[in-house]
file entry_1.pdb (PDB, C-alpha atoms, pLDDT in the B column)
ATOM      1  CA  MET A   1      30.476  41.792 -90.050  1.00 67.00           C
ATOM      2  CA  LYS A   2      32.871  44.626 -90.829  1.00 76.00           C
ATOM      3  CA  ILE A   3      35.618  45.039 -88.229  1.00 77.00           C
ATOM      4  CA  LYS A   4      36.578  48.593 -87.400  1.00 81.00           C
ATOM      5  CA  GLN A   5      40.330  49.171 -87.556  1.00 84.00           C
ATOM      6  CA  LYS A   6      41.684  50.940 -84.512  1.00 84.00           C
ATOM      7  CA  PRO A   7      45.081  52.587 -84.499  1.00 89.00           C
ATOM      8  CA  LEU A   8      47.771  51.116 -82.301  1.00 93.00           C
ATOM      9  CA  ILE A   9      48.328  53.026 -79.084  1.00 93.00           C
ATOM     10  CA  ARG A  10      51.924  53.890 -78.260  1.00 94.00           C
ATOM     11  CA  VAL A  11      53.002  52.735 -74.795  1.00 95.00           C
ATOM     12  CA  PHE A  12      56.430  54.078 -73.798  1.00 97.00           C
ATOM     13  CA  VAL A  13      58.540  53.678 -70.691  1.00 97.00           C
ATOM     14  CA  GLU A  14      62.123  54.719 -70.128  1.00 98.00           C
ATOM     15  CA  GLY A  15      64.595  53.411 -67.603  1.00 98.00           C
ATOM     16  CA  ASN A  16      67.566  55.056 -65.934  1.00 98.00           C
ATOM     17  CA  CYS A  17      70.003  52.331 -64.850  1.00 97.00           C
ATOM     18  CA  PRO A  18      72.386  53.638 -62.146  1.00 97.00           C
ATOM     19  CA  THR A  19      73.565  50.170 -61.040  1.00 96.00           C
ATOM     20  CA  MET A  20      73.641  46.644 -62.438  1.00 96.00           C
ATOM     21  CA  SER A  21      70.392  45.796 -60.623  1.00 97.00           C
ATOM     22  CA  LEU A  22      68.506  49.053 -60.075  1.00 97.00           C
ATOM     23  CA  THR A  23      66.273  50.508 -62.778  1.00 98.00           C
ATOM     24  CA  GLU A  24      64.359  53.750 -62.305  1.00 98.00           C
ATOM     25  CA  VAL A  25      61.400  53.578 -64.687  1.00 98.00           C
ATOM     26  CA  ARG A  26      59.439  56.606 -65.884  1.00 98.00           C
ATOM     27  CA  THR A  27      56.257  56.838 -67.892  1.00 98.00           C
ATOM     28  CA  ARG A  28      53.632  59.560 -68.359  1.00 96.00           C
ATOM     29  CA  GLY A  29      54.950  61.586 -65.406  1.00 97.00           C
ATOM     30  CA  HIS A  30      55.046  58.565 -63.092  1.00 97.00           C
ATOM     31  CA  ALA A  31      58.094  56.783 -61.724  1.00 97.00           C
ATOM     32  CA  PHE A  32      58.823  53.475 -60.031  1.00 97.00           C
ATOM     33  CA  VAL A  33      61.898  51.433 -59.265  1.00 98.00           C
ATOM     34  CA  VAL A  34      62.736  47.851 -60.064  1.00 98.00           C
ATOM     35  CA  ASP A  35      65.597  46.225 -58.160  1.00 98.00           C
ATOM     36  CA  GLU A  36      67.041  42.929 -57.018  1.00 97.00           C
ATOM     37  CA  PRO A  37      67.687  41.664 -53.486  1.00 97.00           C
ATOM     38  CA  PRO A  38      71.228  42.018 -52.091  1.00 97.00           C
ATOM     39  CA  TYR A  39      72.136  38.394 -52.827  1.00 94.00           C
ATOM     40  CA  ARG A  40      71.666  39.269 -56.528  1.00 93.00           C
ATOM     41  CA  HIS A  41      73.728  42.478 -56.314  1.00 94.00           C
ATOM     42  CA  GLY A  42      70.756  44.753 -55.665  1.00 96.00           C
ATOM     43  CA  THR A  43      69.726  47.106 -52.898  1.00 96.00           C
ATOM     44  CA  ASP A  44      66.185  45.729 -52.526  1.00 97.00           C
ATOM     45  CA  VAL A  45      64.478  49.119 -52.850  1.00 97.00           C
ATOM     46  CA  GLY A  46      61.805  47.753 -55.171  1.00 97.00           C
ATOM     47  CA  PRO A  47      60.316  44.583 -56.601  1.00 98.00           C
ATOM     48  CA  THR A  48      62.321  42.468 -59.026  1.00 97.00           C
ATOM     49  CA  PRO A  49      61.597  42.586 -62.766  1.00 97.00           C
ATOM     50  CA  LEU A  50      59.711  39.296 -62.521  1.00 97.00           C
ATOM     51  CA  GLU A  51      57.687  40.427 -59.493  1.00 98.00           C
ATOM     52  CA  THR A  52      56.874  43.585 -61.456  1.00 98.00           C
ATOM     53  CA  MET A  53      55.644  41.473 -64.370  1.00 98.00           C
ATOM     54  CA  LEU A  54      53.386  39.391 -62.105  1.00 98.00           C
ATOM     55  CA  GLY A  55      52.185  42.625 -60.474  1.00 98.00           C
ATOM     56  CA  ALA A  56      51.283  43.918 -63.931  1.00 98.00           C
ATOM     57  CA  LEU A  57      49.202  40.765 -64.478  1.00 98.00           C
ATOM     58  CA  VAL A  58      47.372  41.370 -61.179  1.00 98.00           C
ATOM     59  CA  ALA A  59      46.714  45.024 -62.023  1.00 98.00           C
ATOM     60  CA  CYS A  60      45.632  44.225 -65.585  1.00 98.00           C
ATOM     61  CA  THR A  61      43.263  41.533 -64.292  1.00 98.00           C
ATOM     62  CA  ASN A  62      41.672  44.050 -61.920  1.00 98.00           C
ATOM     63  CA  VAL A  63      41.325  46.780 -64.556  1.00 98.00           C
ATOM     64  CA  ILE A  64      39.976  44.624 -67.379  1.00 98.00           C
ATOM     65  CA  ALA A  65      37.632  42.518 -65.216  1.00 98.00           C
ATOM     66  CA  ARG A  66      36.098  45.625 -63.697  1.00 98.00           C
ATOM     67  CA  ARG A  67      35.851  47.296 -67.089  1.00 98.00           C
ATOM     68  CA  ILE A  68      33.957  44.279 -68.442  1.00 98.00           C
ATOM     69  CA  ALA A  69      31.731  44.263 -65.353  1.00 98.00           C
ATOM     70  CA  HIS A  70      31.013  47.983 -65.812  1.00 98.00           C
ATOM     71  CA  GLU A  71      30.115  47.430 -69.490  1.00 98.00           C
ATOM     72  CA  ARG A  72      27.662  44.722 -68.420  1.00 98.00           C
ATOM     73  CA  ASP A  73      26.224  46.620 -65.443  1.00 98.00           C
ATOM     74  CA  ILE A  74      27.628  44.042 -63.003  1.00 97.00           C
ATOM     75  CA  LYS A  75      28.884  45.101 -59.601  1.00 96.00           C
ATOM     76  CA  LEU A  76      32.348  43.659 -58.988  1.00 96.00           C
ATOM     77  CA  HIS A  77      34.878  44.438 -56.268  1.00 97.00           C
ATOM     78  CA  PHE A  78      38.095  42.522 -55.692  1.00 97.00           C
ATOM     79  CA  ARG A  79      39.036  42.137 -52.044  1.00 96.00           C
ATOM     80  CA  LYS A  80      42.396  40.758 -53.103  1.00 97.00           C
ATOM     81  CA  ILE A  81      44.114  39.255 -56.134  1.00 98.00           C
ATOM     82  CA  GLY A  82      47.037  36.944 -55.449  1.00 98.00           C
ATOM     83  CA  CYS A  83      49.497  35.744 -58.063  1.00 98.00           C
ATOM     84  CA  GLU A  84      52.062  32.976 -57.844  1.00 98.00           C
ATOM     85  CA  GLY A  85      54.419  32.135 -60.674  1.00 97.00           C
ATOM     86  CA  MET A  86      56.615  29.066 -60.750  1.00 96.00           C
ATOM     87  CA  LEU A  87      59.928  30.200 -62.261  1.00 96.00           C
ATOM     88  CA  ASP A  88      62.310  27.813 -64.020  1.00 95.00           C
ATOM     89  CA  HIS A  89      65.556  29.594 -63.090  1.00 93.00           C
ATOM     90  CA  ARG A  90      67.801  27.337 -65.192  1.00 95.00           C
ATOM     91  CA  GLY A  91      67.592  29.698 -68.187  1.00 94.00           C
ATOM     92  CA  ILE A  92      68.696  32.699 -66.123  1.00 92.00           C
ATOM     93  CA  ASP A  93      71.608  30.660 -64.736  1.00 92.00           C
ATOM     94  CA  ALA A  94      72.557  29.415 -68.243  1.00 94.00           C
ATOM     95  CA  GLU A  95      72.061  25.819 -67.117  1.00 96.00           C
ATOM     96  CA  ALA A  96      69.478  24.925 -69.764  1.00 95.00           C
ATOM     97  CA  ASP A  97      67.519  26.325 -72.682  1.00 95.00           C
ATOM     98  CA  VAL A  98      64.241  27.332 -71.055  1.00 95.00           C
ATOM     99  CA  PRO A  99      61.728  28.582 -73.647  1.00 94.00           C
ATOM    100  CA  VAL A 100      59.041  29.288 -71.001  1.00 95.00           C
ATOM    101  CA  PRO A 101      60.565  30.747 -67.818  1.00 95.00           C
ATOM    102  CA  PHE A 102      57.163  30.767 -66.043  1.00 96.00           C
ATOM    103  CA  PRO A 103      55.510  27.484 -67.063  1.00 97.00           C
ATOM    104  CA  ASP A 104      52.781  27.894 -64.428  1.00 98.00           C
ATOM    105  CA  ILE A 105      51.156  31.048 -63.099  1.00 98.00           C
ATOM    106  CA  ARG A 106      48.218  30.920 -60.688  1.00 98.00           C
ATOM    107  CA  LEU A 107      45.841  33.789 -59.919  1.00 98.00           C
ATOM    108  CA  THR A 108      43.556  33.725 -56.883  1.00 98.00           C
ATOM    109  CA  LEU A 109      40.781  36.299 -57.034  1.00 98.00           C
ATOM    110  CA  GLU A 110      38.711  37.121 -53.937  1.00 97.00           C
ATOM    111  CA  ALA A 111      35.717  39.065 -55.170  1.00 97.00           C
ATOM    112  CA  GLU A 112      32.332  40.409 -54.199  1.00 96.00           C
ATOM    113  CA  THR A 113      29.758  40.557 -56.982  1.00 96.00           C
ATOM    114  CA  ASP A 114      26.075  40.625 -57.735  1.00 95.00           C
ATOM    115  CA  ALA A 115      26.623  38.619 -60.940  1.00 95.00           C
ATOM    116  CA  SER A 116      24.708  35.430 -61.596  1.00 94.00           C
ATOM    117  CA  GLU A 117      26.714  32.265 -62.266  1.00 95.00           C
ATOM    118  CA  ALA A 118      26.098  32.642 -66.010  1.00 97.00           C
ATOM    119  CA  GLN A 119      27.148  36.302 -65.986  1.00 97.00           C
ATOM    120  CA  LEU A 120      30.286  35.470 -64.014  1.00 97.00           C
ATOM    121  CA  GLU A 121      31.263  32.648 -66.394  1.00 97.00           C
ATOM    122  CA  SER A 122      30.813  34.982 -69.357  1.00 98.00           C
ATOM    123  CA  LEU A 123      32.892  37.665 -67.618  1.00 98.00           C
ATOM    124  CA  LYS A 124      35.679  35.137 -66.922  1.00 98.00           C
ATOM    125  CA  GLU A 125      35.764  34.117 -70.601  1.00 98.00           C
ATOM    126  CA  ALA A 126      35.892  37.739 -71.744  1.00 98.00           C
ATOM    127  CA  LEU A 127      38.632  38.517 -69.221  1.00 98.00           C
ATOM    128  CA  GLU A 128      40.784  35.673 -70.562  1.00 97.00           C
ATOM    129  CA  GLN A 129      40.450  37.088 -74.090  1.00 97.00           C
ATOM    130  CA  ARG A 130      40.760  40.798 -73.277  1.00 98.00           C
ATOM    131  CA  CYS A 131      43.424  41.122 -70.553  1.00 98.00           C
ATOM    132  CA  PRO A 132      46.611  42.036 -72.483  1.00 98.00           C
ATOM    133  CA  MET A 133      48.982  40.669 -69.823  1.00 98.00           C
ATOM    134  CA  SER A 134      47.094  37.366 -69.724  1.00 97.00           C
ATOM    135  CA  VAL A 135      47.161  37.110 -73.527  1.00 98.00           C
ATOM    136  CA  ILE A 136      50.897  37.919 -73.667  1.00 98.00           C
ATOM    137  CA  LEU A 137      51.788  35.319 -71.031  1.00 98.00           C
ATOM    138  CA  ARG A 138      49.592  32.598 -72.537  1.00 97.00           C
ATOM    139  CA  ASN A 139      51.022  33.240 -76.004  1.00 97.00           C
ATOM    140  CA  ALA A 140      54.517  32.977 -74.492  1.00 97.00           C
ATOM    141  CA  GLY A 141      53.624  29.454 -73.342  1.00 97.00           C
ATOM    142  CA  SER A 142      52.740  30.032 -69.683  1.00 98.00           C
ATOM    143  CA  ARG A 143      49.782  28.080 -68.291  1.00 98.00           C
ATOM    144  CA  LEU A 144      47.565  30.506 -66.389  1.00 97.00           C
ATOM    145  CA  SER A 145      45.061  29.140 -63.934  1.00 97.00           C
ATOM    146  CA  THR A 146      42.554  31.211 -62.008  1.00 97.00           C
ATOM    147  CA  GLU A 147      40.672  30.426 -58.851  1.00 98.00           C
ATOM    148  CA  TRP A 148      37.736  32.699 -58.121  1.00 97.00           C
ATOM    149  CA  GLN A 149      36.501  32.947 -54.537  1.00 97.00           C
ATOM    150  CA  ILE A 150      33.142  34.702 -54.769  1.00 94.00           C
ATOM    151  CA  VAL A 151      31.099  36.368 -52.078  1.00 84.00           C
ATOM    152  CA  PRO A 152      27.676  37.284 -53.491  1.00 75.00           C
ATOM    153  CA  THR A 153      26.573  40.719 -52.428  1.00 76.00           C
ATOM    154  CA  LYS A 154      24.200  43.463 -53.414  1.00 60.00           C
ATOM    155  CA  GLU A 155      26.717  45.992 -52.123  1.00 55.00           C
ATOM    156  CA  ALA A 156      29.619  45.060 -54.453  1.00 49.00           C
ATOM    157  CA  MET A 157      31.331  48.116 -55.880  1.00 50.00           C
TER     158      MET A 157
END
call {"tool": "encode", "arguments": {"input": "entry_1.pdb", "output": "structure tokens"}}
result
Amino acid sequence: MKIKQKPLIRVFVEGNCPTMSLTEVRTRGHAFVVDEPPYRHGTDVGPTPLETMLGALVACTNVIARRIAHERDIKLHFRKIGCEGMLDHRGIDAEADVPVPFPDIRLTLEAETDASEAQLESLKEALEQRCPMSVILRNAGSRLSTEWQIVPTKEAM
């Protein structure tokens, strides 16, 4: 089987850094802020960098899972996706060499779908392979676990 080469797609963001904790990020005409809470010298006007990273995993999971479902003519709607990461803060505090700051990350997906069990298992496998944030975190050494809570429905979006 001949594999078609695709060009790499440039993804660019730029940050303005007015304080030691606040970063104003811009990309493609969009903007968002990343900040720290006051006890870490921030003003708490936005999520922390690590919360932003976990949020990116949640968003990527939604986008890629629904893209796969669309490709397979499966109705899939997420009611909610939760994400909890267990952070080993010793590396940030220079207390220890911590090669994997988030050793464990858990996703909880509440979804409505018309997929059969076999279709859903296949979708889950494809999602694990195709979600860039999931691939990046796994390759960095994080253990990602997912818990799917499924409500079967013919009305899933």
call {"tool": "resolve_selection", "arguments": {"input": "entry_1.pdb", "expression": "the PyMOL selection byres ((chain A and resi 45-54) around 9)", "output": "list in words"}}
result
Ser21, Leu22, Phe32, Val33, Val34, Asp35, Glu36, Pro37, Gly42, Thr43, Asp44, Gly55, Ala56, Leu57, Val58, Ala59, Cys83, Glu84, Gly85, Ile105 and Met133 of chain A
call {"tool": "resolve_selection", "arguments": {"input": "entry_1.pdb", "expression": "the PyMOL selection byres ((chain A and resi 68-72) around 10)", "output": "short mmCIF file (atom, residue, chain, number, x, y, z; two decimals) with C-alpha atoms, in the frame of the given file"}}
result
data_model
loop_
_atom_site.label_atom_id
_atom_site.label_comp_id
_atom_site.auth_asym_id
_atom_site.auth_seq_id
_atom_site.Cartn_x
_atom_site.Cartn_y
_atom_site.Cartn_z
CA VAL A 63 41.32 46.78 -64.56
CA ILE A 64 39.98 44.62 -67.38
CA ALA A 65 37.63 42.52 -65.22
CA ARG A 66 36.10 45.62 -63.70
CA ARG A 67 35.85 47.30 -67.09
CA ASP A 73 26.22 46.62 -65.44
CA ILE A 74 27.63 44.04 -63.00
CA LYS A 75 28.88 45.10 -59.60
CA LEU A 76 32.35 43.66 -58.99
CA HIS A 77 34.88 44.44 -56.27
CA THR A 113 29.76 40.56 -56.98
CA ALA A 115 26.62 38.62 -60.94
CA GLN A 119 27.15 36.30 -65.99
CA LEU A 120 30.29 35.47 -64.01
CA SER A 122 30.81 34.98 -69.36
CA LEU A 123 32.89 37.66 -67.62
CA LYS A 124 35.68 35.14 -66.92
CA ALA A 126 35.89 37.74 -71.74
CA LEU A 127 38.63 38.52 -69.22
CA ARG A 130 40.76 40.80 -73.28
CA MET A 157 31.33 48.12 -55.88
#
call {"tool": "closest_residue", "arguments": {"input": "entry_1.pdb", "among": "A:Ile150, A:Val13, A:Ile3, A:Leu144", "to": "Ala31 (chain A)", "atoms": "all atoms listed in the file"}}
result
A:Val13
call {"tool": "atom_distance", "arguments": {"input": "entry_1.pdb", "atom1": "CA of Arg10 (chain A)", "atom2": "CA of Glu24 (chain A)"}}
result
20.2 Å
call {"tool": "atom_distance", "arguments": {"input": "entry_1.pdb", "atom1": "CA of Arg143 (chain A)", "atom2": "CA of Arg106 (chain A)"}}
result
8.3 Å
call {"tool": "resolve_selection", "arguments": {"input": "entry_1.pdb", "expression": "the PyMOL selection byres ((chain A and resi 89) around 12)", "output": "compact mmCIF listing (two decimals) with C-alpha atoms, keeping the file's coordinate frame"}}
result
# COMPACT_ATOMS: atom_id res chain seq x y z
CA LEU A 50 59.71 39.30 -62.52
CA GLY A 85 54.42 32.14 -60.67
CA MET A 86 56.62 29.07 -60.75
CA LEU A 87 59.93 30.20 -62.26
CA ASP A 88 62.31 27.81 -64.02
CA ARG A 90 67.80 27.34 -65.19
CA GLY A 91 67.59 29.70 -68.19
CA ILE A 92 68.70 32.70 -66.12
CA ASP A 93 71.61 30.66 -64.74
CA ALA A 94 72.56 29.42 -68.24
CA GLU A 95 72.06 25.82 -67.12
CA ALA A 96 69.48 24.92 -69.76
CA ASP A 97 67.52 26.32 -72.68
CA VAL A 98 64.24 27.33 -71.06
CA PRO A 99 61.73 28.58 -73.65
CA VAL A 100 59.04 29.29 -71.00
CA PRO A 101 60.56 30.75 -67.82
CA PHE A 102 57.16 30.77 -66.04
CA PRO A 103 55.51 27.48 -67.06
call {"tool": "closest_residue", "arguments": {"input": "entry_1.pdb", "among": "A:Ser145, A:Thr108, A:Asn16, A:Ser134", "to": "Cys60 (chain A)", "atoms": "only C-alpha atoms"}}
result
A:Ser134
call {"tool": "atom_distance", "arguments": {"input": "entry_1.pdb", "atom1": "CA of Ala118 (chain A)", "atom2": "CA of Val135 (chain A)"}}
result
22.8 Å
call {"tool": "closest_residue", "arguments": {"input": "entry_1.pdb", "among": "A:Lys2, A:Arg79, A:Arg40, A:His30", "to": "Val151 (chain A)", "atoms": "all atoms listed in the file"}}
result
A:Arg79
call {"tool": "residues_around", "arguments": {"input": "entry_1.pdb", "residues": "Leu109 (chain A)", "least_positions_apart": "5", "cutoff": "7 Å", "atoms": "only C-alpha atoms", "output": "PyMOL selection string"}}
result
chain A and resi 78+80-82+147-149
call {"tool": "closest_residue", "arguments": {"input": "entry_1.pdb", "among": "A:Pro152, A:Pro38, A:Gly141, A:Pro7", "to": "Ala111 (chain A)", "atoms": "all atoms listed in the file"}}
result
A:Pro152
call {"tool": "axis_aligned_box", "arguments": {"input": "entry_1.pdb", "around": "region 96-106 of chain A", "padding_each_side": "6 Å", "output": "JSON"}}
result
{"center_x": 58.8, "center_y": 28.0, "center_z": -67.2, "size_x": 33.3, "size_y": 18.1, "size_z": 25.0}
